Amino acid sequence: MAEVTIERIEEVLKNVIDSESGKDIISGGMVSGLQTRDGHVAFAIEVDPARGAQMEPLRKEAEKAVFDMDGVLTATVVLTAEKKSNGGGDQPPPPQGTPTQPGAPVGGHSHGPAAGPELLPNVKSIVAVASGKGGVGKSTTAVNIALGLAANGKKVGLLDADIYGPSMPRMMGISGQPTSSDGKTLDAMENYGVKVMSMGFLVEEDTPMIWRGPMVQSALEQMMRDVSWGELDVMVVDMPPGTGDVQLTMAQRVPLTGAVIVSTPQDIALLDARKGLNMFRKVDVPVFGVIENMSYFLCPHCNERSDIFSHGGAREEAGKLGIDFLGEVPLHMDIRTTSDSGHPIVVSDPESDHAKAYCDIAEKVWEHVETRLGSSAAAGPKIVMQ
């Protein structure tokens with residue numbers, strides 16, 4: 001198998017011509033972020049915002065040209081509108097709430113999902129696990145909720161939407177790169193009965209993703225559109241921390257069934273959690289409830305309990321906001337070590353109190369999902385305010 005180098009890729013892309021300028025996309029300076037690893041190629045095509053809606057055929061042509069190269073296993077190409085076609089500097093960012101979508105007008109006003117191929121058509125429900133800030137154990141919680149749902153017999157997918165800091169490959173104990181059975185879409189990776197996709201499968205673990213917002217949004221869409229997920233009862237989405245582009249993309253491009261907010265008990269974390277909750281409410285996504293992570297610490301030596309980050313703050317906040325308190329999970333070394341080793345507590349020690357806490361939370365989440373699916377069955381997959 002021939003080595004896939006940057007130089008070889010660029011030579012191939014010189015045959016992809018932009019019809020308006022008459023230049024190939026390499027000479028025209030349209031290709032950015034080009035990287036290759038073990039036969040997996042990814043890059044962005046920068047286009048004039050005014051032409052955003054017409055550039056999807058060019059993206060597909062470039063993607064096919066690279067995919068057909070000897071030695072290429074996968075090709076991921078995204079569109080981004082970061083500079084004008086005359087090279088006159090960067091465009092200003094689009095207005096808040098109007099993320100750039102491949103195949104849709106760039107910078108225009110958005111009202112709900114953008115036009116384009118339906119994403120995740122065979123997924124019955126989608127649950128976002130979010131937090132207002134990092135460091136509260138959101139990814140660990142997402143993994144164990146997904147595994148708790150699978151343990152209850154559900155067909156589960158786990159999407160790592162944190163493009164900049166993907167953690168699912170390590171936490172789910174999956175190594176290697178995804179392959180394609182049909183030569184068109186990537187097969188989702190799988191472990192413990194859960195299907196998984198993450199940017200971490202396509203780049204080295206210590207490789208920084210130096211991508212701007214629209215590139216991240218496009219990459220996220222491709223992990224939904226161009227991955228063979230199969231039939232799923234529920235997809236759990238591990239969201240990045242905060243209230244930025246990815247959250248808006250998920251809310252506007254797929255019918256989120258609901259969201260779960262993860263917080264630690266202290267006041268500063270609850271303040272950020274409140275921001276995350278309000279963000280989902282503004283985009284008409286119901287919030288199922290709040291989880292209090294690192295709720296307390298039980299010393300493994302003396303069995304003394306310490307409320308390191310205070311205790312009960314999330315339960316109290318849920319009451320104030322009129323949403324469910326889904327449960328509390330302690331700060332415990334076993335949860336951390338099992339997650340770091342790729343053997344999450346729900347599968348490595350299912351009879352432990354910690355695993356049971358996650359499974360109880362997963363059961364409550366599923367009850368909310370069933371309620372939502374029942375209430376929206378007649379109206380179809382339209383996002384409504386709960």
# chains A, B, ... in the order shown; residues from 1 in each chain; ligands from 1

$ select_by_dssp --residues "region 195-347 of chain A" --states "alpha helix (DSSP H)" --output "ChimeraX atom specification"
/A:213-225,245-253,267-282,313-321,333-340,345-347

$ residues_around --residues "region 70-76 of chain A" --least-positions-apart "5" --cutoff "7 Å" --atoms "only C-alpha atoms" --output "ChimeraX atom specification"
/A:1-4,39-43,63,179

$ write_last_selection --atoms "C-alpha atoms" --output "PDB file, in the first residue's frame"
ATOM      1  CA  MET A   1       0.000   0.000   0.000  1.00  0.00           C
ATOM      2  CA  ALA A   2       1.396   3.364  -1.018  1.00  0.00           C
ATOM      3  CA  GLU A   3       2.196   5.906   1.663  1.00  0.00           C
ATOM      4  CA  VAL A   4      -0.387   8.669   1.854  1.00  0.00           C
ATOM      5  CA  GLY A  39      -4.659   6.270   5.677  1.00  0.00           C
ATOM      6  CA  HIS A  40      -7.185   8.667   7.239  1.00  0.00           C
ATOM      7  CA  VAL A  41      -7.282  12.085   5.587  1.00  0.00           C
ATOM      8  CA  ALA A  42      -9.067  15.233   6.757  1.00  0.00           C
ATOM      9  CA  PHE A  43      -9.113  18.821   5.524  1.00  0.00           C
ATOM     10  CA  GLU A  63     -13.637  13.943  -0.952  1.00  0.00           C
ATOM     11  CA  THR A 179     -13.286   1.268   8.466  1.00  0.00           C
TER      12      THR A 179
END

$ atom_distance --atom1 "CA of Ala318 (chain A)" --atom2 "CA of Val290 (chain A)"
6.3 Å

$ residues_around --residues "Gln177 (chain A)" --least-positions-apart "3" --cutoff "12 Å" --atoms "only C-alpha atoms" --output "MDAnalysis selection string"
chainID A and resid 37:41 73:74 169 174 180 186:190 196:204

$ closest_atom_pairs --of "region 292-348 of chain A" --to "region 244-260 of chain A" --cutoff "12 Å" --atoms "only C-alpha atoms" --output "tab-separated table"
residue	atom	partner	partner_atom	distance
A:Glu292	CA	A:Val260	CA	11.0
A:Ala318	CA	A:Val260	CA	11.5
A:Ile323	CA	A:Val260	CA	10.4
A:Asp324	CA	A:Val260	CA	9.9
A:Phe325	CA	A:Val260	CA	10.1
A:Leu326	CA	A:Val260	CA	8.8
A:Gly327	CA	A:Val260	CA	11.3

$ write_last_selection --atoms "C-alpha atoms" --output "compact mmCIF listing (two decimals), in the first residue's frame"
# COMPACT_ATOMS: atom_id res chain seq x y z
CA GLU A 292 -24.89 16.01 40.94
CA ALA A 318 -33.25 21.54 40.29
CA ILE A 323 -36.82 20.23 36.75
CA ASP A 324 -36.06 16.72 37.99
CA PHE A 325 -33.08 15.82 40.13
CA LEU A 326 -31.84 12.66 38.41
CA GLY A 327 -29.39 11.48 41.06

$ closest_residue --among "A:Pro344, A:Pro300, A:Gly28, A:Pro286" --to "Ser139 (chain A)" --atoms "only C-alpha atoms"
A:Pro344

$ atom_distance --atom1 "CA of Ala273 (chain A)" --atom2 "CA of His368 (chain A)"
19.7 Å
